[in-house]
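Participant: Sharing model.cif, mmCIF, C-alpha atoms and all ligand atoms:
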```
data_model
loop_
_atom_site.label_atom_id
_atom_site.label_comp_id
_atom_site.auth_asym_id
_atom_site.auth_seq_id
_atom_site.Cartn_x
_atom_site.Cartn_y
_atom_site.Cartn_z
CA MET I 30 28.42 48.18 50.02
CA TRP I 31 24.94 47.26 48.86
CA LEU I 32 23.68 48.40 45.46
CA PRO I 33 20.54 47.57 43.55
CA PRO I 34 21.44 44.93 40.93
CA ALA I 35 20.34 47.14 38.05
CA LEU I 36 23.04 49.62 38.96
CA LEU I 37 25.76 47.01 39.29
CA LEU I 38 24.94 45.85 35.80
CA LEU I 39 26.35 49.05 34.38
CA SER I 40 29.72 48.52 36.02
CA LEU I 41 29.95 51.69 38.02
CA PRO I 42 33.21 53.60 37.83
CA GLY I 43 35.14 52.99 41.01
CA CYS I 44 33.16 49.84 41.63
CA PHE I 45 35.04 47.52 39.34
CA SER I 46 33.41 44.21 38.45
CA ILE I 47 33.99 43.79 34.74
CA ARG I 48 35.69 45.88 32.08
CA GLY I 49 36.13 45.55 28.37
CA PRO I 50 37.14 47.59 25.36
CA ALA I 51 34.47 50.05 24.17
CA SER I 52 34.98 48.81 20.63
CA VAL I 53 37.02 46.29 18.64
CA ARG I 54 37.72 46.26 14.90
CA GLY I 55 38.20 43.31 12.62
CA ARG I 56 38.49 42.80 8.91
CA GLU I 57 36.00 40.80 6.91
CA GLN I 58 37.25 37.18 6.71
CA GLY I 59 39.87 37.93 9.36
CA SER I 60 39.56 37.39 13.08
CA LEU I 61 39.43 39.46 16.22
CA THR I 62 39.85 38.95 19.93
CA VAL I 63 38.13 40.75 22.77
CA GLN I 64 39.56 40.69 26.27
CA CYS I 65 37.40 41.44 29.27
CA ARG I 66 38.89 41.86 32.71
CA TYR I 67 37.00 41.05 35.88
CA ASP I 68 37.43 41.43 39.59
CA PRO I 69 39.13 38.31 41.09
CA LYS I 70 36.06 37.62 43.22
CA TRP I 71 34.29 36.43 40.05
CA GLU I 72 37.05 33.96 39.19
CA THR I 73 34.98 30.80 39.53
CA TYR I 74 31.85 32.19 37.87
CA VAL I 75 30.74 31.36 34.34
CA LYS I 76 31.56 34.07 31.77
CA TRP I 77 29.65 34.62 28.55
CA TRP I 78 29.59 36.59 25.30
CA CYS I 79 26.33 37.68 23.82
CA LYS I 80 25.11 39.64 20.84
CA ALA I 81 22.37 42.25 21.00
CA ALA I 82 21.60 45.70 19.85
CA VAL I 83 19.24 45.95 22.79
CA TRP I 84 20.04 44.67 26.25
CA GLY I 85 17.38 42.21 27.30
CA SER I 86 17.22 40.37 23.99
CA CYS I 87 20.84 39.34 24.25
CA GLN I 88 21.56 36.05 22.55
CA ILE I 89 24.37 34.19 24.33
CA LEU I 90 26.84 32.86 21.76
CA VAL I 91 29.38 31.13 24.00
CA LYS I 92 29.92 30.48 27.71
CA THR I 93 32.94 29.30 29.65
CA THR I 94 31.41 25.91 30.35
CA GLU I 95 32.85 22.69 29.02
CA SER I 96 30.12 22.18 26.45
CA GLU I 97 29.47 25.76 25.39
CA TRP I 98 32.90 27.42 25.12
CA LYS I 99 33.01 27.07 21.34
CA LYS I 100 30.31 27.45 18.74
CA ASP I 101 30.73 27.93 15.01
CA ARG I 102 33.22 30.76 14.58
CA VAL I 103 33.23 31.99 18.17
CA SER I 104 35.09 30.77 21.24
CA ILE I 105 35.69 31.97 24.79
CA ARG I 106 38.47 31.21 27.27
CA ASP I 107 38.79 32.30 30.88
CA ASN I 108 42.21 32.80 32.43
CA HIS I 109 41.84 32.42 36.19
CA THR I 110 45.37 33.70 36.77
CA SER I 111 45.14 36.99 34.91
CA HIS I 112 41.38 37.34 35.55
CA ILE I 113 40.82 38.09 31.90
CA PHE I 114 38.58 36.17 29.55
CA THR I 115 39.20 36.22 25.86
CA VAL I 116 36.63 35.94 23.10
CA THR I 117 37.80 35.03 19.62
CA MET I 118 35.67 35.54 16.54
CA LYS I 119 37.01 34.25 13.25
CA GLU I 120 36.07 34.19 9.56
CA LEU I 121 34.42 37.53 10.18
CA ARG I 122 31.46 38.65 8.12
CA ARG I 123 30.00 42.09 7.62
CA ASP I 124 26.91 41.18 9.59
CA ASP I 125 29.04 40.35 12.63
CA ALA I 126 29.23 44.09 13.13
CA ASP I 127 26.95 44.70 16.10
CA THR I 128 26.79 45.44 19.78
CA TYR I 129 27.99 42.63 22.02
CA TRP I 130 28.35 42.14 25.77
CA CYS I 131 30.98 40.51 27.95
CA GLY I 132 29.23 39.09 30.95
CA ILE I 133 29.43 37.13 34.17
CA GLU I 134 26.68 34.73 35.14
CA ARG I 135 25.52 34.95 38.72
CA SER I 136 22.28 34.70 40.64
CA GLY I 137 20.08 37.72 40.15
CA ILE I 138 21.07 40.03 37.32
CA ASP I 139 24.27 39.17 35.49
CA LEU I 140 27.15 41.61 35.27
CA ALA I 141 27.95 42.87 31.80
CA VAL I 142 29.88 45.41 29.80
CA GLN I 143 29.11 46.54 26.26
CA VAL I 144 31.58 46.04 23.38
CA VAL I 145 30.91 47.35 19.87
CA VAL I 146 32.34 45.21 17.08
CA ILE I 147 33.23 47.02 13.86
CA ILE I 148 33.96 45.09 10.67
CA ASP I 149 36.06 46.66 7.93
CA PRO I 150 34.88 45.29 4.60
CA GLU I 151 37.28 43.23 2.52
CA GLY I 152 38.70 45.37 -0.23
CA THR I 153 38.83 48.52 1.87
CA VAL I 154 41.21 50.96 0.20
CA VAL I 155 44.60 50.72 1.84
CA THR I 156 45.88 54.22 2.42
CA SER I 157 49.40 53.29 3.45
CA SER I 158 51.59 52.89 0.36
CA GLU I 159 53.84 50.51 2.29
CA ASN I 160 50.96 48.13 2.91
CA LEU I 161 49.87 48.41 -0.67
CA LEU I 162 53.35 47.54 -1.89
CA SER I 163 53.82 44.53 0.40
CA ARG I 164 50.40 43.26 -0.60
CA THR I 165 51.15 43.60 -4.29
CA ILE I 166 54.40 41.71 -3.82
CA ALA I 167 52.73 39.04 -1.73
CA ASN I 168 50.02 38.64 -4.34
CA SER I 169 52.52 38.36 -7.15
CA HIS I 170 54.01 35.35 -5.37
CA GLY I 171 50.57 33.90 -5.41
CA GLY I 172 47.98 32.85 -2.94
CA PHE I 173 48.86 34.98 0.04
CA SER I 174 45.76 36.50 1.50
CA SER I 175 46.20 39.57 3.56
CA GLY I 176 44.23 39.92 6.72
CA SER I 177 44.38 40.47 10.40
CA ASN I 178 45.12 36.91 11.40
CA VAL I 179 48.66 37.67 12.50
CA ARG I 180 48.73 39.13 15.97
C1 LIG I 201 47.00 33.24 32.02
O1 LIG I 201 47.60 34.45 32.37
C2 LIG I 201 48.89 34.31 32.94
C3 LIG I 201 49.34 35.67 33.45
O2 LIG I 201 49.17 36.67 32.48
C4 LIG I 201 49.82 33.71 31.90
O3 LIG I 201 51.11 33.55 32.44
C5 LIG I 201 49.26 32.36 31.45
O4 LIG I 201 50.05 31.84 30.41
C6 LIG I 201 47.83 32.50 30.99
N1 LIG I 201 47.28 31.17 30.77
C7 LIG I 201 46.71 30.80 29.62
C8 LIG I 201 46.18 29.42 29.59
O5 LIG I 201 46.66 31.56 28.66
#
```
So, in terms of structure tokens, how does the structure I just supplied come out?
Ligand SMILES: *[C@@H]1O[C@H](CO)[C@@H](O)[C@H](O)[C@H]1NC(C)=O
Facilitator:
Amino acid sequence: MWLPPALLLLSLPGCFSIRGPASVRGREQGSLTVQCRYDPKWETYVKWWCKAAVWGSCQILVKTTESEWKKDRVSIRDNHTSHIFTVTMKELRRDDADTYWCGIERSGIDLAVQVVVIIDPEGTVVTSSENLLSRTIANSHGGFSSGSNVR
């Protein structure tokens, strides 16, 4: 099947090349992971993670190459067995909330899928009384910081 590259970019339903979650949440100062799945035929290709509200001005943060897989608070790992690559963002800040893209580098136009990252501000009111209680107890023992680091 031949398709114009611009169409492939949007990852047509039924024409699977790359898939990711529509959105991912993280808590300020916590961390989050994003997993993008790709068709096995892209196994040996370089994968990337970029940040952009507008496609076309996407700033690549990390790539699955030896020198670029980790930068500041962001890292990317490709699992060639499961055909899933995982992006980890840590020490999250409010301004990390944005539109990002999981992508595959290839000749012509890269393949990509959009992922919206949502950051819950630190100090968000906890509605579950159970959580509130365990936090209060943890705090009374000193120094325990709650967050989404445990997964
Ligand atoms: C890659 O995925 C396979 C299958 O899910 C898993 O068994 C393996 O541990 C993963 N490898 C790494 C390095 O995470």
Participant: Go through the chains and note each residue within 10 Å of ligand LIG 201 (chain I), using all atoms listed in the file, then give the set as a list in words.
Facilitator: Arg106, Asp107, Asn108, His109, Thr110, Ser111, His112, Ile113, Phe114 and Thr115 of chain I
Participant: Give me the residues within 9 Å of I:Ala81 as a CSV table (one decimal) with C-alpha atoms, in the frame of the given file, counting only C-alpha atoms and dropping any in the same chain fewer than 3 places off.
Facilitator:
```csv
chain,number,residue,atom,x,y,z
I,84,TRP,CA,20.0,44.7,26.2
I,85,GLY,CA,17.4,42.2,27.3
I,86,SER,CA,17.2,40.4,24.0
I,87,CYS,CA,20.8,39.3,24.2
I,88,GLN,CA,21.6,36.0,22.6
I,89,ILE,CA,24.4,34.2,24.3
I,127,ASP,CA,27.0,44.7,16.1
I,128,THR,CA,26.8,45.4,19.8
I,129,TYR,CA,28.0,42.6,22.0
I,130,TRP,CA,28.4,42.1,25.8
```
Participant: Could you work out how far atom CA of I:Ser46 lies from atom CA of I:Asp68, giving the answer in Å with one decimal?
Facilitator: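 Taking atom CA of I:Asp68 as the start and atom CA of I:Ser46 as the end point, the length is 5.0 Å.
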Participant: Please measure the separation of atom CA of I:Ala126 and atom CA of I:Ile147, giving the value in Å to one decimal.
Facilitator: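 Calculated distance between atom CA of I:Ala126 and atom CA of I:Ile147 is 5.0 Å.
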Participant: Please return as a short mmCIF file (atom, residue, chain, number, x, y, z; two decimals) with C-alpha atoms, keeping the file's coordinate frame every residue within 12 Å of (32.2, 25.6, 15.7), taking into account all atoms listed in the file and the file's own coordinates.
Facilitator:
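Writing done, so here's result-v9.cif:
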```cif
data_model
loop_
_atom_site.label_atom_id
_atom_site.label_comp_id
_atom_site.auth_asym_id
_atom_site.auth_seq_id
_atom_site.Cartn_x
_atom_site.Cartn_y
_atom_site.Cartn_z
CA LEU I 90 26.84 32.86 21.76
CA VAL I 91 29.38 31.13 24.00
CA SER I 96 30.12 22.18 26.45
CA GLU I 97 29.47 25.76 25.39
CA TRP I 98 32.90 27.42 25.12
CA LYS I 99 33.01 27.07 21.34
CA LYS I 100 30.31 27.45 18.74
CA ASP I 101 30.73 27.93 15.01
CA ARG I 102 33.22 30.76 14.58
CA VAL I 103 33.23 31.99 18.17
CA SER I 104 35.09 30.77 21.24
CA ILE I 105 35.69 31.97 24.79
CA THR I 117 37.80 35.03 19.62
CA MET I 118 35.67 35.54 16.54
CA LYS I 119 37.01 34.25 13.25
CA GLU I 120 36.07 34.19 9.56
#
```
Participant: Could you list, as a PyMOL selection string, every residue within 9 Å of I:Arg56, counting all atoms listed in the file and ignoring same-chain residues fewer than 6 positions away?
Facilitator: chain I and resi 120-123+147-151+176-177
Participant: To one decimal place in Å, what is the distance between atom CA of I:Val75 and atom CA of I:Gln143?
Facilitator: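 Separation of atom CA of I:Val75 and atom CA of I:Gln143: 17.3 Å.
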Participant: For I:Tyr67, which residue among I:Cys79, I:Ala141, I:Ile47, I:Val116 is the nearest when counting all atoms listed in the file?
Facilitator: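 Of the candidates, the smallest distance to I:Tyr67 is held by I:Ile47.
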Participant: Nearest to I:Trp71: which of I:Val144, I:Ile133, I:Ile138, I:Arg54 is it, counting all atoms listed in the file?
Facilitator: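 Closest candidate: I:Ile133.
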Participant: With only C-alpha atoms as the atoms that count, which of I:Lys76, I:Ala82, I:Val142, I:Lys70 lies nearest to I:Asp125?
Facilitator: I:Ala82
Participant: Choose the residue, out of I:Lys80, I:Lys92, I:Arg48, I:Arg135, that has the smallest atom-to-atom separation from I:Arg66; count only C-alpha atoms.
Facilitator: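 For I:Arg66, the nearest of the given residues is I:Arg48.
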Participant: When you count all atoms listed in the file, which of these residues is closest to I:Val63: I:Cys131, I:Ser136, I:Gly152, I:Asp124?
Facilitator: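 Smallest distance to I:Val63 is found for I:Cys131.
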Participant: Taking into account only C-alpha atoms, which residue in the set I:Leu140, I:Phe45, I:Thr94, I:Val146 is nearest to I:Ser60?
Facilitator: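 That would be I:Val146, the residue with the smallest distance to I:Ser60.
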